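Data block for final_5.txt (compact mmCIF, C-alpha atoms):
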# COMPACT_ATOMS: atom_id res chain seq x y z
CA MET A 232 0.00 0.00 0.00
CA THR A 233 1.46 3.34 -1.03
CA VAL A 234 0.73 6.48 0.91
CA GLU A 235 -0.96 8.10 -2.12
CA LYS A 236 -3.21 5.08 -2.60
CA LEU A 237 -4.14 5.13 1.10
CA TYR A 238 -4.90 8.84 0.79
CA GLU A 239 -7.33 8.23 -2.07
CA ILE A 240 -9.08 5.42 -0.19
CA LEU A 241 -9.39 7.31 3.10
CA LYS A 242 -10.57 10.47 1.34
CA LYS A 243 -13.48 8.50 -0.14
CA TYR A 244 -14.05 6.71 3.16
CA ALA A 245 -14.22 10.04 5.05
CA GLU A 246 -16.72 11.42 2.54
CA SER A 247 -18.86 8.30 2.94
CA GLN A 248 -18.99 9.08 6.67
CA GLY A 249 -20.03 12.70 6.15
CA ILE A 250 -16.63 14.02 7.26
CA GLU A 251 -13.40 15.01 5.49
CA LEU A 252 -9.65 14.58 5.66
CA ASN A 253 -7.72 17.59 6.94
CA LYS A 254 -7.27 19.93 3.98
CA ASP A 255 -3.52 20.20 4.77
CA LYS A 256 -2.51 17.32 2.52
CA GLU A 257 1.17 17.43 3.49
CA TYR A 258 0.22 16.97 7.16
CA VAL A 259 -2.22 14.18 6.24
CA LEU A 260 0.45 12.34 4.26
CA GLU A 261 2.72 12.43 7.33
CA ILE A 262 -0.05 10.85 9.41
CA LEU A 263 -0.64 8.23 6.73
CA ASN A 264 3.08 7.41 6.65
CA GLY A 265 2.84 6.95 10.42
CA LEU A 266 -0.15 4.64 9.98
CA LEU A 267 1.74 2.54 7.43
CA THR A 268 4.81 2.44 9.72
CA ASN A 269 2.63 1.20 12.57
CA GLU A 270 1.02 -1.38 10.30
CA LYS A 271 4.48 -2.76 9.45
CA ARG A 272 5.56 -2.62 13.07
CA TYR A 273 2.50 -3.96 14.87
CA GLY A 274 0.34 -5.50 12.16
CA TYR A 275 -2.40 -2.90 12.52
CA ARG A 276 -2.76 0.82 11.85
CA SER A 277 -2.65 2.28 15.33
CA CYS A 278 -2.83 6.04 15.81
CA PRO A 279 0.57 7.58 14.96
CA CYS A 280 -0.02 10.34 17.54
CA ARG A 281 -0.25 7.88 20.44
CA LEU A 282 2.10 5.31 21.88
CA ALA A 283 0.88 1.81 21.02
CA SER A 284 1.66 -1.18 23.21
CA GLY A 285 1.96 -3.65 20.34
CA ASP A 286 -0.79 -5.76 21.91
CA LYS A 287 -3.75 -5.56 19.56
CA GLU A 288 -6.34 -6.10 22.29
CA LYS A 289 -4.91 -3.28 24.42
CA ASP A 290 -4.56 -1.01 21.40
CA ARG A 291 -7.98 -1.73 19.94
CA ASP A 292 -9.37 1.69 20.95
CA ILE A 293 -6.52 3.53 19.17
CA ILE A 294 -6.61 1.64 15.88
CA CYS A 295 -7.41 4.30 13.29
CA PRO A 296 -10.17 5.46 13.14
CA CYS A 297 -9.95 5.43 16.92
CA ALA A 298 -12.85 4.92 19.30
CA TYR A 299 -12.73 8.62 20.22
CA ARG A 300 -12.88 10.08 16.71
CA ASP A 301 -16.61 10.70 16.45
CA GLU A 302 -16.89 12.37 19.86
CA ASP A 303 -13.81 14.50 19.17
CA ILE A 304 -15.18 15.62 15.81
CA LYS A 305 -18.51 16.39 17.46
CA ASP A 306 -16.88 18.47 20.23
CA TYR A 307 -13.82 19.96 18.50
CA GLY A 308 -14.34 19.45 14.76
CA SER A 309 -11.24 17.26 14.54
CA CYS A 310 -9.96 13.92 15.74
CA TYR A 311 -7.07 13.85 18.24
CA CYS A 312 -4.46 13.50 15.51
CA GLY A 313 -6.03 15.99 13.08
CA LEU A 314 -6.59 13.45 10.30
CA TYR A 315 -10.39 13.34 10.21
CA VAL A 316 -12.18 16.66 10.52
CA SER A 317 -15.60 18.15 9.92
CA LYS A 318 -16.41 20.28 6.88
CA GLU A 319 -16.77 23.27 9.22
CA TRP A 320 -13.28 22.68 10.65
CA ASN A 321 -11.77 22.60 7.15
CA GLU A 322 -13.65 25.79 6.30
CA GLU A 323 -12.22 27.36 9.49
CA LYS A 324 -15.69 28.05 10.87
CA ILE A 325 -14.53 26.21 14.01
CA LYS A 326 -11.50 27.37 15.98
CA HIS A 327 -8.57 24.97 15.59
CA ILE A 328 -7.42 23.92 19.05
CA LYS A 329 -5.36 21.06 20.38
CA VAL A 330 -7.84 18.24 20.90
CA PRO A 331 -7.47 16.95 24.46
CA GLU A 332 -6.65 13.28 24.96
CA ARG A 333 -9.88 11.47 25.72
CA ARG A 334 -8.27 8.05 26.17
CA PRO A 335 -8.58 6.91 29.80
CA LEU A 336 -5.34 7.12 31.80
CA GLU A 337 -5.50 3.46 32.80
CA LYS A 338 -5.08 2.47 29.15
CA LEU A 339 -1.61 4.00 29.07
CA GLY A 340 1.37 1.80 29.77
CA GLY A 341 4.14 2.60 32.26
CA MET B 230 26.04 32.36 20.49
CA PRO B 231 25.71 32.39 24.32
CA GLU B 232 25.81 29.08 26.14
CA GLN B 233 22.36 27.51 26.55
CA LYS B 234 21.48 27.59 30.26
CA LYS B 235 18.38 25.45 30.18
CA ARG B 236 18.21 21.74 29.62
CA VAL B 237 15.64 20.74 27.02
CA LYS B 238 14.16 17.30 26.51
CA LEU B 239 11.69 16.36 23.81
CA TYR B 240 9.69 13.19 24.35
CA SER B 241 8.40 12.33 20.92
CA LEU B 242 6.92 9.63 18.71
CA SER B 243 8.72 9.06 15.43
CA THR B 244 5.35 8.75 13.67
CA CYS B 245 3.67 11.89 15.01
CA PRO B 246 3.51 14.98 12.75
CA THR B 247 3.12 17.45 15.64
CA CYS B 248 6.28 16.03 17.23
CA LYS B 249 8.08 16.71 13.95
CA LYS B 250 6.86 20.30 14.00
CA VAL B 251 8.26 20.80 17.50
CA LYS B 252 11.55 19.23 16.44
CA LYS B 253 11.78 21.58 13.49
CA LEU B 254 11.04 24.60 15.69
CA LEU B 255 13.78 23.66 18.17
CA ASP B 256 16.19 23.02 15.29
CA ASP B 257 15.33 26.33 13.63
CA LEU B 258 15.93 28.07 16.97
CA ASN B 259 19.31 26.30 17.27
CA VAL B 260 18.29 24.86 20.62
CA LYS B 261 20.27 21.90 21.91
CA TYR B 262 17.94 19.20 23.17
CA GLU B 263 17.76 15.58 24.08
CA LEU B 264 15.42 13.74 21.73
CA ILE B 265 13.68 10.66 23.08
CA GLU B 266 11.68 8.82 20.44
CA VAL B 267 9.62 6.72 22.81
CA ASP B 268 8.09 4.43 20.18
CA LEU B 269 11.56 3.36 19.03
CA LEU B 270 12.69 2.20 22.49
CA ASP B 271 12.50 -1.46 23.44
CA SER B 272 9.56 -2.43 25.63
CA GLY B 273 11.39 -2.21 28.98
CA GLU B 274 12.84 1.20 28.20
CA GLN B 275 9.48 2.31 26.86
CA TRP B 276 7.80 1.40 30.14
CA LEU B 277 10.40 3.30 32.17
CA THR B 278 10.30 6.32 29.87
CA THR B 279 6.50 6.46 29.98
CA LYS B 280 6.75 6.62 33.79
CA GLU B 281 9.21 9.50 33.41
CA VAL B 282 6.93 11.37 30.98
CA LYS B 283 3.98 10.90 33.35
CA LYS B 284 5.86 12.81 36.08
CA TYR B 285 5.74 15.86 33.85
CA ASN B 286 2.53 15.15 31.97
CA PRO B 287 0.24 12.58 33.62
CA GLN B 288 -1.54 11.85 30.34
CA ALA B 289 1.79 10.98 28.69
CA THR B 290 0.80 12.59 25.40
CA TYR B 291 3.30 13.40 22.68
CA PRO B 292 5.03 15.74 22.10
CA THR B 293 6.05 16.53 25.69
CA VAL B 294 8.74 19.18 25.91
CA VAL B 295 10.55 19.67 29.22
CA ILE B 296 12.61 22.80 29.72
CA GLU B 297 14.57 22.70 32.95
CA GLU B 298 16.69 25.31 34.62
CA ILE B 299 19.72 23.94 36.45
CA ILE B 300 21.06 25.86 39.44
CA THR B 301 23.97 24.42 41.40
CA GLU B 302 24.66 27.03 44.06
CA TYR B 303 22.95 29.20 46.68
CA ASN B 304 21.87 32.02 44.43
CA GLU B 305 18.64 33.65 45.57
CA ASP B 306 18.32 35.82 42.48
CA ALA B 307 18.83 32.93 40.10
CA ILE B 308 16.32 30.71 41.95
CA LYS B 309 13.71 33.47 42.09
CA LYS B 310 14.26 34.28 38.46
CA ALA B 311 13.87 30.65 37.46
CA LEU B 312 10.63 30.45 39.45
CA GLU B 313 9.45 33.79 38.08
CA ILE B 314 9.08 35.14 41.64
CA GLN B 315 9.61 38.88 41.95

What does the file become when written as structure tokens?
Amino acid sequence: MTVEKLYEILKKYAESQGIELNKDKEYVLEILNGLLTNEKRYGYRSCPCRLASGDKEKDRDIICPCAYRDEDIKDYGSCYCGLYVSKEWNEEKIKHIKVPERRPLEKLGG
Amino acid sequence: MPEQKKRVKLYSLSTCPTCKKVKKLLDDLNVKYELIEVDLLDSGEQWLTTKEVKKYNPQATYPTVVIEEIITEYNEDAIKKALEIQ
């Protein structure tokens, strides 16, 4: 899977969900490279903006699209990583802020 | 260039675009820093480092930048200045 191919697929997937990919394509391609790196490393596309454990069961909630995406888009217009966003976010009708981490603390390692 | 007085550590993920932006900013500012790419550590080191990050940032999100001031003598002015106490 090339990063450009993944971009085309996820763009269509986002549209099918009534959302969009971040209009900053360069930034999106970096995220997608991170997803492909994690796929090679762990066998699944875990969120490149979070530390995965490598245990698929433990990481299930952060496999992209993560379990928090819809709520984050509803509340902030963007997912935690800034990959999936609402139309309003892309049109800058919503203020762009750092999306707080919604993942429960007990899910973190260490 | 004057000697850098503060110690800077960047806890980062090699896959995270925001971490890369912070790295670029520090590089552009010619700041010397210790880069810790937590996702590239082996699992034992990763566990220890996550504990370390949590001391500064309980949610252990990335990037976490730590900027520390090191004072090694009794120097009231320096300590107050570092703590931003008038």

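The shortest atom-to-atom distance to Cys248 (chain B), with only C-alpha atoms taken into account, belongs to A:Cys280 out of A:Ile294, A:Cys280, A:Ala245, A:Ile304.
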
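If you take only C-alpha atoms and a cut-off of 9 Å, the residues of chain B that reach chain A are Leu242, Ser243, Thr244, Cys245, Pro246, Thr247, Cys248, Val267, Asp268, Ser272, Gln275, Trp276, Leu277, Thr278, Thr279, Lys280, Glu281, Lys283, Pro287, Gln288, Ala289, Thr290, Tyr291 and Pro292 of chain B.
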
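Between CA of Tyr240 (chain B) and CA of Ile265 (chain B) the interatomic distance comes to 4.9 Å.
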
CA of Lys238 (chain B) to CA of Leu255 (chain B) measures 10.5 Å

Q. Could you work out how far CA of Leu312 (chain B) lies from CA of Glu263 (chain B), giving the answer in Å with one decimal?
A.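 One can read the CA of Glu263 (chain B) to CA of Leu312 (chain B) distance as 22.5 Å.
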
Q.
Quick one: residues within 7 Å of region 314-328 of chain A, all atoms listed in the file, excluding same-chain residues fewer than 2 positions away - as a ChimeraX atom specification?
A. /A:250-254,259,304,308-310,312,330

Please provide as a ChimeraX atom specification all residues within 12 Å of Lys309 (chain B), with the sequence filter that same-chain residues fewer than 6 positions apart are discarded (counting only C-alpha atoms). /B:298,300,303,315
